[in-house]
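Below: one structure, written as structure tokens.
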Amino acid sequence: MAGHRRRRRHEGGRREQPPQQDPRQKRAAVPDSGHRCQRESYDQIGSPVIAKAGVAHKIDFRVGLPLPVLDQLLAEEGNKSRFDFAFVDADKVNFLNYHERLLQLVRVGGLIAYGNTLWGGSVAATAADEPLSERDRTLAALTREFNAAIAADRRVHVCQLAIADGLTLCRRVT
């Protein structure tokens, strides 16, 4: 069939096995000199896994509300333009506040990913569409406002992916 490759057979009719991945490659894709910062309290679930993987020295857990944690990161020397990637899955009311702070923390060429930016498709809903709860109308409006603001932000190139509940990638360009 076009587009499909058949695996070569070894002598004896057995299929060739794909090469095994080096177990060290399964560890956090952060160089030994790098660090990953987590805001949420995953310490009970994630810490044992992270320790077992041998990457605990690369992860800096930060527990608290996102804006104060981001402000703390900005206040710490050496953090501006230090991060390669940030993922935001938090309250929609503050998405633009997170965006402004993260633009200071993520390096030029780095990515900021925002979850739930299609809000179940409700960002495209009209009054004639299926009725939304007051909460969903409010969140859809906040999400539309955020999407419009980052689309107009010349500091980032934006790509919105229609997967799950919407994922927006912002690549910092200035």
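Chain lettering (A, B, ...) mirrors the order of the structure tokens, residue numbering begins at 1 for each chain separately, and ligand numbering begins at 1 in order of display.
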
Margin query: When you look at Leu161 (chain A) with a cut-off of 10 Å (counting only C-alpha atoms), what residues show up, excluding the ones that are within fewer than 6 positions of it in the same chain? I need them as a list in words.
Written below: Gly115, Thr117, Leu118, Leu167, Thr168 and Leu169 of chain A

Contact table region 92-116 of chain A vs region 77-81 of chain A, cut-off 8 Å, shortest pair per residue, only C-alpha atoms, as JSON lines:
{"residue": "A:Leu103", "atom": "CA", "partner": "A:Ser81", "partner_atom": "CA", "distance": 7.9}
{"residue": "A:Gln104", "atom": "CA", "partner": "A:Lys80", "partner_atom": "CA", "distance": 5.5}
{"residue": "A:Leu105", "atom": "CA", "partner": "A:Lys80", "partner_atom": "CA", "distance": 4.5}
{"residue": "A:Val106", "atom": "CA", "partner": "A:Ser81", "partner_atom": "CA", "distance": 4.6}
{"residue": "A:Arg107", "atom": "CA", "partner": "A:Ser81", "partner_atom": "CA", "distance": 3.9}
{"residue": "A:Val108", "atom": "CA", "partner": "A:Ser81", "partner_atom": "CA", "distance": 7.1}

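Here CA of Ala149 (chain A) stands at a distance of 23.3 Å from CA of Leu132 (chain A).
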
Note to self: For a quick check of understanding, using only C-alpha atoms, which of A:Asp60, A:Asp153, A:Asp91, A:Asp71 has the smallest distance to Thr138 (chain A)?
What the structure shows: A:Asp91

Item checked: Length of the CA of Leu96 (chain A) to CA of Lys58 (chain A) vector [Å] -> 28.0 Å

Region 56-135 of chain A: residues DSSP assigns to alpha helix (DSSP H), reported as a short mmCIF file (atom, residue, chain, number, x, y, z; two decimals) with C-alpha atoms, in the first residue's frame:
data_model
loop_
_atom_site.label_atom_id
_atom_site.label_comp_id
_atom_site.auth_asym_id
_atom_site.auth_seq_id
_atom_site.Cartn_x
_atom_site.Cartn_y
_atom_site.Cartn_z
CA PRO A 66 -0.19 32.12 39.59
CA LEU A 67 0.20 35.93 39.59
CA PRO A 68 2.21 36.14 42.83
CA VAL A 69 4.36 33.19 41.70
CA LEU A 70 5.04 34.86 38.34
CA ASP A 71 5.81 38.14 40.12
CA GLN A 72 8.23 36.27 42.39
CA LEU A 73 9.94 34.69 39.38
CA LEU A 74 10.26 38.12 37.75
CA ALA A 75 11.76 39.57 40.92
CA PHE A 95 -4.88 35.16 30.96
CA LEU A 96 -3.76 38.60 29.72
CA ASN A 97 -1.97 39.26 33.04
CA TYR A 98 -0.18 35.90 32.73
CA HIS A 99 0.67 36.71 29.13
CA GLU A 100 2.36 40.00 30.03
CA ARG A 101 4.43 38.40 32.79
CA LEU A 102 5.35 35.34 30.76
CA LEU A 103 6.57 37.49 27.88
CA GLN A 104 9.19 38.77 30.30
CA LEU A 105 10.14 35.27 31.49
CA GLU A 134 -24.08 32.22 32.50
CA ARG A 135 -20.68 30.84 33.53
#

Margin query: Give me, as a VMD selection string, all polymer residues having an atom no more than 7 Å from Trp119 (chain A), counting only C-alpha atoms and skipping those fewer than 3 positions away in the same chain.
Written below: chain A and resid 116 122 to 123 140 165 to 166

Could you write those residues out with all heavy atoms, as a compact mmCIF listing (two decimals), in the first residue's frame?
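In the end it all went to again.txt:
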# COMPACT_ATOMS: atom_id res chain seq x y z
N ASN A 116 -7.44 25.49 26.72
CA ASN A 116 -8.88 25.79 26.73
C ASN A 116 -9.24 27.09 26.02
O ASN A 116 -10.13 27.81 26.45
CB ASN A 116 -9.41 25.81 28.16
CG ASN A 116 -9.10 24.53 28.90
OD1 ASN A 116 -9.21 23.45 28.35
ND2 ASN A 116 -8.68 24.65 30.13
N SER A 122 -17.55 27.28 22.42
CA SER A 122 -18.45 28.38 22.77
C SER A 122 -17.91 29.74 22.35
O SER A 122 -18.67 30.69 22.25
CB SER A 122 -18.74 28.38 24.28
OG SER A 122 -17.55 28.59 25.01
N VAL A 123 -16.61 29.83 22.06
CA VAL A 123 -16.06 31.12 21.61
C VAL A 123 -16.62 31.51 20.25
O VAL A 123 -16.61 32.67 19.89
CB VAL A 123 -14.51 31.13 21.58
CG1 VAL A 123 -13.94 30.97 22.97
CG2 VAL A 123 -13.96 30.06 20.66
N ALA A 140 -16.58 32.25 27.82
CA ALA A 140 -16.43 32.36 26.36
C ALA A 140 -16.06 33.80 25.99
O ALA A 140 -15.19 34.02 25.13
CB ALA A 140 -17.71 31.93 25.65
N ASP A 165 -9.91 21.08 23.94
CA ASP A 165 -10.72 22.29 24.18
C ASP A 165 -10.03 23.54 23.64
O ASP A 165 -10.32 24.65 24.04
CB ASP A 165 -10.97 22.42 25.69
CG ASP A 165 -12.28 23.10 26.00
OD1 ASP A 165 -13.13 23.22 25.09
OD2 ASP A 165 -12.46 23.52 27.14
N GLY A 166 -9.09 23.32 22.74
CA GLY A 166 -8.35 24.43 22.13
C GLY A 166 -7.01 24.64 22.81
O GLY A 166 -6.93 24.68 24.03

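Using only C-alpha atoms, the nearest neighbour of Ala152 (chain A) within the list A:Cys170, A:Phe87, A:Leu65, A:Asp136 is A:Cys170.
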
Next item on the list: Name all residues at most 7 Å from Arg171 (chain A) (count only C-alpha atoms; drop same-chain ones fewer than 2 positions away) and give them as a PyMOL selection string.
Entry: chain A and resi 109-112+156-158+169+173

Mind writing the picked residues with C-alpha atoms as a PDB file, in the first residue's frame?
ATOM      1  CA  GLY A 109      11.978  32.043  20.268  1.00  0.00           C
ATOM      2  CA  GLY A 110      10.358  30.384  23.297  1.00  0.00           C
ATOM      3  CA  LEU A 111       6.767  29.163  23.467  1.00  0.00           C
ATOM      4  CA  ILE A 112       3.845  29.996  25.698  1.00  0.00           C
ATOM      5  CA  VAL A 156       4.255  36.834  19.381  1.00  0.00           C
ATOM      6  CA  HIS A 157       3.361  34.626  16.444  1.00  0.00           C
ATOM      7  CA  VAL A 158       0.160  32.764  17.292  1.00  0.00           C
ATOM      8  CA  LEU A 169       0.761  28.463  21.015  1.00  0.00           C
ATOM      9  CA  VAL A 173       9.425  36.995  18.443  1.00  0.00           C
TER      10      VAL A 173
END

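Shortest atom-to-atom contact with Phe85 (chain A) among A:Gly46, A:Ala141, A:Arg172, A:Gly54: A:Arg172, counting only C-alpha atoms.
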
Notebook entry, point to check: Rounded to one decimal in Å, what is the spacing between CA of Thr174 (chain A) and CA of Phe61 (chain A)?
Noted result: 28.0 Å
